[in-house]
Amino acid sequence: MEGNHNICTGCGLLCDDIEVELEKEIVNKVYTACRVGVAHMKEGSREASFLVDGKPVDEPAAIEKAAEILKNAKNPLIFGLGTSTNEAQKKAIELAKKLNATLDDTSSFCLGPVVEALLQEKFKTCTLDDVRHKGDVMVFWGADPSDSHPRHLSKFSYFPRGEQKQRGWEEERTAIAIDIRKSHTAKICGNYFFQIPPGGDAEFINALIDGVSGKLPKTSYGYPPKKLLELANILKGAKFGTIFMGLGLLYSLENLDPIIRLVEVLNEKAKGEFHLIPMVGHYNMRGFNQNLFAETGYVNSVKFENGEAKHGPEYSTVEALKAKTVDAALIIGSDPLASLPRSIAKNLLDIPIISIDPCETLTSKKAKVYFGNAISGVECGGTATRMDGVEVSFNPIIETKRPSDEEILTKLTEAL
Amino acid sequence: MTSTMELYQLLPKTNCKECGKTSCMAFAAGLMAREFMPDDCPPLKNDPKYKESYEKISGMFSTTEGATETGLIVHEELCFGCGNCVVACPVNVANDPYGAGSGKAPQKVEKLILIIEDGIVKAQNVEECRRFGKNKILCNGCIVTCPVEAIEFV
Ligand code: SF4
Ligand code: SF4
Ligand code: SF4
Ligand code: SF4
């Protein structure tokens with residue numbers, strides 16, 4: 001961080017170069033952040049808000065009611081935390097242990113498996129700063145950072161000058177998009193956009209492995225071998241290559257083996273090194289995965305029993321709700337009623353919900369107890385883990401009367 | 001975008017040199033480079049027989065709505081502040097290699113053409129843009145790097 005710059009917690013990039021002008025404790029002007037980041041930072045500064053059954057109460061009353069719900073539950077679910085600081089996440093893990101709760105985040109239906117494989121060192125990875133300084137070939141696969149992480153290409157992966165990349169993107173970098181549709185990112189990649197049919201990723205990977213290994217690359221959908229070979233040769237020629245893996249690729253694969261194998265083969269056959277970075281969206285989802293991994297050896301979907309963690313798909317939010325094994329839900333910074341499939345979300349309505357969220361959401365409206373907390377990164381500080389694993393710490397930009405989720409979780413733990 | 005040829009077609013084509021240039025063609029090129037304004041051609045301005053052409057040309061040069069004096073238009077409703085254009089613009093890179101040129105917050109804001117303010121690109125110092133002035137080149141750095149075609153030159 002240089003000068004008095006702020007961190008933006010609008011997405012997994014955690015941009016560290018944001019200048020903010022305040023007027024009467026309200027964010028007035030924001031420089032260098034993208035539109036998503038600006039909207040995020042300008043959201044803050046509202047009154048504190050605690051509701052029980054939709055009626056305003058004071059904080060102790062809300063804590064008391066929430067503690068009662070959790071005490072009475074045999075198997076509460078604690079869910080969310082992708083937009084919480086490391087400190088709040090660790091509190092939630094502690095609380096889950098104490099309550100013998102099921103603990104999960106959105107990564108169980110998102111990029112969790114990739115982060116898990118990364119933490120188990122199943123493939124080579126690197127930081128975004130490495131990519132900026134050295135990267136010559138970058139592949140956006142099933143990912144559209146122009147939409148999900150707006151400054152990804154301008155701050156790290158394509159356009160900026162770096163230590164070993166002084167001559168600029170036109171000469172020294174090749175950006176490639178592999179996707180089922182022409183995304184905004186694909187548009188920037190121009191001739192290096194490779195459009196494949198839905199579900200065609202695994203075959204495309206195998207064909208690329210063949211191409212890189214000097215065999216004729218073939219796909220059942222007749223992708224022109226010449227184009228595939230052209231791509232294989234670019235990858236092979238890379239000195240410092242990176243695949244940015246998005247949900248599009250993950251959802252299309254039955255398991256991660258093909259993509260892990262491709263990275264391996266590229267490291268064997270390519271001129272230089274090849275890396276893989278999952279395109280984690282929420283600003284601290286990777287942090288949650290790492291914190292839980294450090295504590296239990298798993299990145300999500302755990303159930304605590306007498307301090308020990310059990311792990312399995314049945315402890316993921318989706319499966320636990322489907323099987324109705326959880327009897328209360330503490331949801332932090334997430335809106336599962338809006339984001340989960342209806343058939344699963346409706347089971348949530350049968351159990352008491354405690355919602356901790358800076359914004360009013362569908363879930364918060366249906367909650368028995370609602371805490372309107374401070375926006376993490378805007379109204380309260382802490383540390384977080386960037387999408388590439390770099391730890392970033394930040395101070396609040398503006399003051400607020402609202403408590404942070406960390407404070408609420410601490411008080412809840414004490415009240416039990 | 002307007003071409004030199006198009007402008008030439010609207011001039012008197014008499015090569016009278018009153019504008020100080022040796023030919024109407026040269027004057028048209030000057031117009032393109034924004035070194036001249038239509039009013040700098042006296043016959044065009046004063047002779048009623050060129051009235052229609054004069055109005056047409058003047059229309060092209062009266063600063064188009066929202067356009068800067070060099071013709072750069074930002075479609076604010078499309079721009080989402082990704083900063084690609086800011087980091088790719090060769091003038092920004094040359095004037096602020098360790099700030100904007102390296103993908104970071106500007107260190108020399110006053111020397112940049114493109115900056116991001118409140119999540120939207122803002123053009124300033126447009127006279128520095130490589131598309132204009134005496135040594136202009138057909139730079140398209142900010143156009144090809146924009147995912148949503150939010151920058152245009154008229
Ligand atoms: S790219 Fe992400 S972190 Fe950076 S300014 Fe935009 S929203 Fe914030
Ligand atoms: S003054 Fe007008 S008519 Fe005469 S040479 Fe210049 S452009 Fe042509
Ligand atoms: S045309 Fe070139 S010099 Fe002018 S603003 Fe765009 S990128 Fe910069
Ligand atoms: S590249 Fe386009 S969308 Fe991005 S900041 Fe520039 S004008 Fe806006």
# chains A, B, ... in the order shown; residues from 1 in each chain; ligands from 1

$ interface_residues --of "chain B" --to "chain A" --cutoff "10 Å" --atoms "only C-alpha atoms" --output "ChimeraX atom specification"
/B:79-90,93,97-107,115-121,141,144-148

$ residues_near_ligand --ligand "ligand 2" --cutoff "8 Å" --atoms "only C-alpha atoms and all ligand atoms" --output "MDAnalysis selection string"
chainID B and resid 11:28 40:44

$ write_last_selection --atoms "C-alpha atoms" --output "mmCIF file, in the first residue's frame"
data_model
loop_
_atom_site.group_PDB
_atom_site.id
_atom_site.type_symbol
_atom_site.label_atom_id
_atom_site.label_comp_id
_atom_site.auth_asym_id
_atom_site.auth_seq_id
_atom_site.Cartn_x
_atom_site.Cartn_y
_atom_site.Cartn_z
ATOM 1 C CA LEU B 11 -14.371 23.009 -48.879
ATOM 2 C CA PRO B 12 -14.410 25.496 -51.797
ATOM 3 C CA LYS B 13 -11.640 23.453 -53.533
ATOM 4 C CA THR B 14 -10.235 26.628 -55.136
ATOM 5 C CA ASN B 15 -6.820 26.433 -53.448
ATOM 6 C CA CYS B 16 -6.940 30.223 -52.921
ATOM 7 C CA LYS B 17 -4.454 29.973 -50.033
ATOM 8 C CA GLU B 18 -6.295 32.600 -47.972
ATOM 9 C CA CYS B 19 -6.206 30.237 -45.014
ATOM 10 C CA GLY B 20 -2.440 30.244 -45.122
ATOM 11 C CA LYS B 21 -2.250 26.715 -46.479
ATOM 12 C CA THR B 22 -1.103 25.864 -49.978
ATOM 13 C CA SER B 23 -4.254 23.940 -50.867
ATOM 14 C CA CYS B 24 -7.735 23.066 -49.653
ATOM 15 C CA MET B 25 -6.494 19.529 -49.157
ATOM 16 C CA ALA B 26 -3.807 20.754 -46.777
ATOM 17 C CA PHE B 27 -6.405 22.814 -44.937
ATOM 18 C CA ALA B 28 -8.633 19.757 -44.621
ATOM 19 C CA ASP B 40 -10.263 29.915 -40.703
ATOM 20 C CA CYS B 41 -11.283 29.499 -44.360
ATOM 21 C CA PRO B 42 -12.582 33.008 -45.263
ATOM 22 C CA PRO B 43 -14.395 32.084 -48.493
ATOM 23 C CA LEU B 44 -16.209 29.255 -46.803
#

$ atom_distance --atom1 "CA of Tyr223 (chain A)" --atom2 "CA of Val265 (chain A)"
20.9 Å

$ atom_distance --atom1 "CA of Ile375 (chain A)" --atom2 "CA of Thr85 (chain A)"
10.4 Å

$ residues_near_ligand --ligand "ligand 3" --cutoff "8 Å" --atoms "only C-alpha atoms and all ligand atoms" --output "ChimeraX atom specification"
/B:72,85-86,88-92,113-114,123,126,128-132,138-143

$ write_last_selection --atoms "C-alpha atoms" --output "PDB file, in the first residue's frame"
ATOM      1  CA  LEU B  72     -13.153  12.009 -27.527  1.00  0.00           C
ATOM      2  CA  CYS B  85      -8.034   2.183 -21.123  1.00  0.00           C
ATOM      3  CA  VAL B  86      -6.246   4.094 -18.359  1.00  0.00           C
ATOM      4  CA  ALA B  88      -3.196   0.891 -21.855  1.00  0.00           C
ATOM      5  CA  CYS B  89      -3.084   4.528 -23.022  1.00  0.00           C
ATOM      6  CA  PRO B  90       0.499   5.124 -24.213  1.00  0.00           C
ATOM      7  CA  VAL B  91       0.463   8.741 -23.034  1.00  0.00           C
ATOM      8  CA  ASN B  92      -0.588   7.656 -19.533  1.00  0.00           C
ATOM      9  CA  ILE B 113      -5.376  11.797 -20.189  1.00  0.00           C
ATOM     10  CA  LEU B 114      -7.639   9.164 -18.689  1.00  0.00           C
ATOM     11  CA  ALA B 123     -10.859  12.455 -19.959  1.00  0.00           C
ATOM     12  CA  VAL B 126      -7.051  15.642 -24.256  1.00  0.00           C
ATOM     13  CA  GLU B 128      -2.037  15.271 -25.365  1.00  0.00           C
ATOM     14  CA  CYS B 129      -3.894  12.410 -27.043  1.00  0.00           C
ATOM     15  CA  ARG B 130      -1.896  10.844 -29.861  1.00  0.00           C
ATOM     16  CA  ARG B 131      -4.804  11.025 -32.275  1.00  0.00           C
ATOM     17  CA  PHE B 132      -4.509  14.790 -32.438  1.00  0.00           C
ATOM     18  CA  LEU B 138      -4.137   6.488 -35.311  1.00  0.00           C
ATOM     19  CA  CYS B 139      -3.775   5.335 -31.724  1.00  0.00           C
ATOM     20  CA  ASN B 140      -6.566   3.062 -30.612  1.00  0.00           C
ATOM     21  CA  GLY B 141      -5.220   1.974 -27.226  1.00  0.00           C
ATOM     22  CA  CYS B 142      -8.273   3.050 -25.297  1.00  0.00           C
ATOM     23  CA  ILE B 143     -10.713   1.712 -27.888  1.00  0.00           C
TER      24      ILE B 143
END

$ atom_distance --atom1 "CA of Gly241 (chain A)" --atom2 "CA of Gly12 (chain A)"
20.6 Å

$ select_by_dssp --residues "region 198-291 of chain A" --states "strand (DSSP E or B)" --output "JSON, numbers by chain"
{"A": [240, 241, 242, 243, 244, 245, 273, 274, 275, 276, 277, 278]}

$ select_by_dssp --residues "chain B" --states "alpha helix (DSSP H)" --output "PyMOL selection string"
chain B and resi 4-10+24-32+42-46+51-61+84-88+90-95+141-144

$ closest_residue --among "A:Thr325, A:Asn72, A:Thr9, A:Thr83" --to "Val392 (chain A)" --atoms "only C-alpha atoms"
A:Thr9

$ residues_around --residues "Ala66 (chain A)" --least-positions-apart "6" --cutoff "8 Å" --atoms "only C-alpha atoms" --output "VMD selection string"
chain A and resid 354 369 412

$ residues_around --residues "Ala329 (chain A)" --least-positions-apart "6" --cutoff "12 Å" --atoms "only C-alpha atoms" --output "MDAnalysis selection string"
chainID A and resid 66:67 69:80 96 99 101:104 317 320:321 335:337 345 347:356 363:364 366:370

$ residues_around --residues "Glu35 (chain B)" --least-positions-apart "2" --cutoff "9 Å" --atoms "only C-alpha atoms" --output "count of residues only"
9
